[in-house]
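*Asks:* Submitted below is the structure of interest, expressed as structure tokens.
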Amino acid sequence: MIDHERDLASVREATDRLLAAAASWDNAATAEPSRLPGWTRGHVLAHVARNADALVNVLQGRPMYADAATRDADIERDAGRPLDVHLADLRESGDRFQAAGAEPADWSRTVELRNGVTDSASRIPFRRWVEVALHHVDLGVGYELEDLPEEFVLREIDFLAERFKGLESVPATTLRASDGQGWTTGGTSGEVVVTGPAPELLGWLAGRRDGSALKTEGGPLPELPPL
């Protein structure tokens with residue numbers, strides 16, 4: 001069962017961790033490339049802040065973003081700001097998300113995200129945790145997938161395995177973590193077994209690693225669609 005209050009607390013912890021890491025930078029560090037193609041660290045920080053406001057919109061029944069062009073323009077607009085402005089924006093937007101999450105609400109209701117995607121309101125705090133945690137890794141500042149909480153890693157593997165389930169472009173795939181935990185994903189044809197440490201499985205599913213550290217049986221490592 002999803003515990004949105006516990007997830008909100010995890011979001012706060014992840015946000016504080018990101019803020020503490022970024023506080024040690026200088027302005028030049030924000031202009032350095034991130035691990036995301038075409039984005040500097042400033043782009044990543046701007047996206048994380050604007051995503052908080054977008055998820056406030058979702059929780060309060062408004063469109064997540066006005067449109068894709070506005071979303072992209074807002075990130076470009078904010079990417080080049082000084083570090084102290086980024087930090088203040090991250091902190092304030094994170095506080096707005098926490099405030100929205102503390103409002104009395106029916107957490108079982110269905111809400112709409114981007115591109116017609118819907119989900120339970122109760123999962124929105126976890127979605128926010130994903131944004132903060134994975135983009136912290138994307139900054140390339142020494143925080144890696146192996147540093148993520150085990151609960152987070154396993155839950156995000158659950159989520160992504162479910163997302164790719166039923167896609168006939170992906171062969172039927174069994175995922176096995178080194179500790180024995182398992183998942184299934186993909187379509188109905190073929191049968192591939194992918195084995196490795198849970199952080200490596202997450203990195204591959206989330207498009208953060210190429211899967212070269214994983215072992216496969218029954219065929220090559222499947223190609224996954226972009227998230």
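Identifiers for the structure tokens are assigned positionally: chains receive A, B, ... in sequence, residues are indexed from 1 per chain, and ligands are indexed from 1 in the order shown.
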With stretch 191-212 of chain A as the partner and 8 Å as the cut-off, tabulate the residues of stretch 101-159 of chain A that qualify, each row holding the nearest pair of atoms and their distance in Å to one decimal, using only C-alpha atoms, sorted by chain and rising number, as a tab-separated table.
*Replies:*
residue	atom	partner	partner_atom	distance
A:Leu145	CA	A:Pro199	CA	5.6
A:Glu146	CA	A:Pro199	CA	5.7
A:Val153	CA	A:Pro199	CA	6.5
A:Leu154	CA	A:Ala198	CA	7.2
A:Glu156	CA	A:Leu202	CA	7.2
A:Ile157	CA	A:Leu202	CA	5.6
*Asks:* What parts of stretch 27-156 of chain A does DSSP call strand (DSSP E or B)? I'd like the answer as a count of residues only.
*Replies:* 8
*Asks:* Could I get the residues of stretch 68-176 of chain A with an atom no further than 9 Å from an atom of stretch 33-46 of chain A, each paired with its nearest atom pair and that distance in Å to one decimal, using only C-alpha atoms, sorted by chain and residue number, as CSV?
*Replies:*
residue,atom,partner,partner_atom,distance
A:Asp74,CA,A:Ala46,CA,8.1
A:Ile75,CA,A:Ala46,CA,5.5
A:Glu76,CA,A:His43,CA,6.8
A:Arg77,CA,A:Ala46,CA,8.6
A:Asp78,CA,A:Ala46,CA,5.6
A:Ala79,CA,A:Gly42,CA,4.4
A:Gly80,CA,A:Gly42,CA,6.0
A:Arg81,CA,A:Gly42,CA,7.4
A:Pro82,CA,A:Gly42,CA,8.8
A:Leu83,CA,A:Gly42,CA,8.3
A:His86,CA,A:Leu45,CA,6.7
A:Leu87,CA,A:Leu45,CA,8.4
A:Asp89,CA,A:Ala46,CA,8.2
A:Leu90,CA,A:Leu45,CA,7.4
A:His135,CA,A:Val44,CA,6.7
A:His136,CA,A:Val44,CA,8.4
A:Val137,CA,A:Arg35,CA,8.4
A:Asp138,CA,A:Arg35,CA,5.1
A:Leu139,CA,A:Ser34,CA,4.9
A:Gly140,CA,A:Ser34,CA,6.1
A:Val141,CA,A:Ser34,CA,8.9
*Asks:* Would you kindly return, as an MDAnalysis selection string, each protein, DNA or RNA residue with an atom no farther than 12 Å from any atom of A:Ala99, considering only C-alpha atoms and excluding same-chain residues fewer than 6 positions away?
*Replies:* chainID A and resid 5 8:9 12 52:53 55:56 59:60 92:93 125
*Asks:* Go ahead and write the selection's residues with C-alpha atoms as a compact mmCIF listing (two decimals), in the first residue's frame.
*Replies:*
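Output file out_32.txt is given in full below:
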# COMPACT_ATOMS: atom_id res chain seq x y z
CA GLU A 5 2.83 10.83 3.99
CA LEU A 8 6.42 13.18 1.35
CA ALA A 9 8.95 12.81 4.16
CA ARG A 12 11.93 16.30 1.87
CA ALA A 52 7.75 20.74 -8.03
CA ASP A 53 5.40 23.50 -9.15
CA LEU A 55 3.15 18.57 -9.43
CA VAL A 56 1.48 21.16 -7.21
CA LEU A 59 -2.46 17.87 -6.90
CA GLN A 60 -4.66 20.96 -7.13
CA GLU A 92 10.88 27.40 -2.04
CA SER A 93 9.36 25.21 -4.75
CA PRO A 125 4.83 12.09 -3.78
*Asks:* Using only C-alpha atoms, find the one residue out of A:Gly187, A:Gly101, A:Gly142, A:Gly182 that sits nearest to A:Ile124.
*Replies:*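 The answer is A:Gly101, which sits nearest to A:Ile124.
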*Asks:* Would you please work out which residue, of A:Val48, A:Asn27, A:Val85, A:Pro171, is nearest to A:Arg127 when using only C-alpha atoms?
*Replies:* A:Val48
*Asks:* Measure the distance from atom CA of A:Ser108 to atom CA of A:Asp158 in Å and round it to one decimal.
*Replies:*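 Calculated distance between atom CA of A:Ser108 and atom CA of A:Asp158 is 19.8 Å.
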*Asks:* Atom CA of A:Trp107 and atom CA of A:Asp119, how far apart in Å?
*Replies:* 10.7 Å
